[in-house]
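Read through the structure below, which is laid out as structure tokens, and then see the notes.
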Amino acid sequence: MLKNAILLSLFALSLSGCVGLNTVSMTQVPAERDNQITTSSSSWNFIGINFSNAFVDEAIDKLKSQCPAGKIEGVYTKHQTTGYLLVFKREVIVSAYCNEAL
């Protein structure tokens, strides 16, 4: 019985996570805000050791693909980390406005 309680407690603990907001950045918000675009990308690492930041480039490419002929303005980025026991998820969330290029 005690063994099951300990195992259940460890399992429940491993499912919980702690989110930390690392950075927030925002450019000037345009007057025309009709077409909002949003994307995100993430990467997983073990005990906080990061081997690549390529997931950030992936978010930029996704944002550009949503506004191929327009101008991206009012960019809001959020970088957050969620920790699950020994594994961490780093995530970049980007939202912006796609306006007509002049």
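Ligands are numbered from 1 in the order shown, chains are lettered A, B, ... in the order of the structure tokens, and residues start at 1 in each chain.
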Residue set, stretch 24-70 of chain A restricted to strand (DSSP E), as a PyMOL selection string | chain A and resi 24-26+36-46+70
Can you write just those residues out, C-alpha atoms, as a CSV table (one decimal), in the first residue's frame?
```csv
chain,number,residue,atom,x,y,z
A,24,VAL,CA,8.7,39.6,-23.5
A,25,SER,CA,9.3,41.9,-26.4
A,26,MET,CA,7.0,44.2,-28.4
A,36,GLN,CA,-3.5,39.4,-36.7
A,37,ILE,CA,-1.2,36.4,-37.3
A,38,THR,CA,0.2,34.1,-34.6
A,39,THR,CA,2.6,31.2,-34.4
A,40,SER,CA,4.7,29.3,-31.9
A,41,SER,CA,7.6,26.8,-31.8
A,42,SER,CA,9.3,24.9,-29.1
A,43,SER,CA,12.2,22.7,-28.2
A,44,TRP,CA,12.7,20.1,-25.5
A,45,ASN,CA,15.9,19.6,-23.5
A,46,PHE,CA,17.2,17.5,-20.6
A,70,GLY,CA,2.4,41.9,-46.7
```
Identify all residues of chain A in helix (DSSP H, G or I) (DSSP on the backbone) and supply them as an NGL selection string.
-> :A and (2-15 or 54-65)
Using only C-alpha atoms, which of the listed residues (A:Tyr76, A:Gly48, A:Ala31, A:Val94) sits closest to A:Asp61?
-> A:Val94
Compare A:Ile6, A:Ala69, A:Val87, A:Leu102 by their minimum atom-to-atom distance to A:Asn50, counting only C-alpha atoms, and give me the closest one.
->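 Counting only C-alpha atoms, the residue closest to A:Asn50 is A:Val87.
Checking A:Val29, A:Val92, A:Val75, A:Val19 one by one against A:Ala54, counting only C-alpha atoms, you find the shortest gap at A:Val92.
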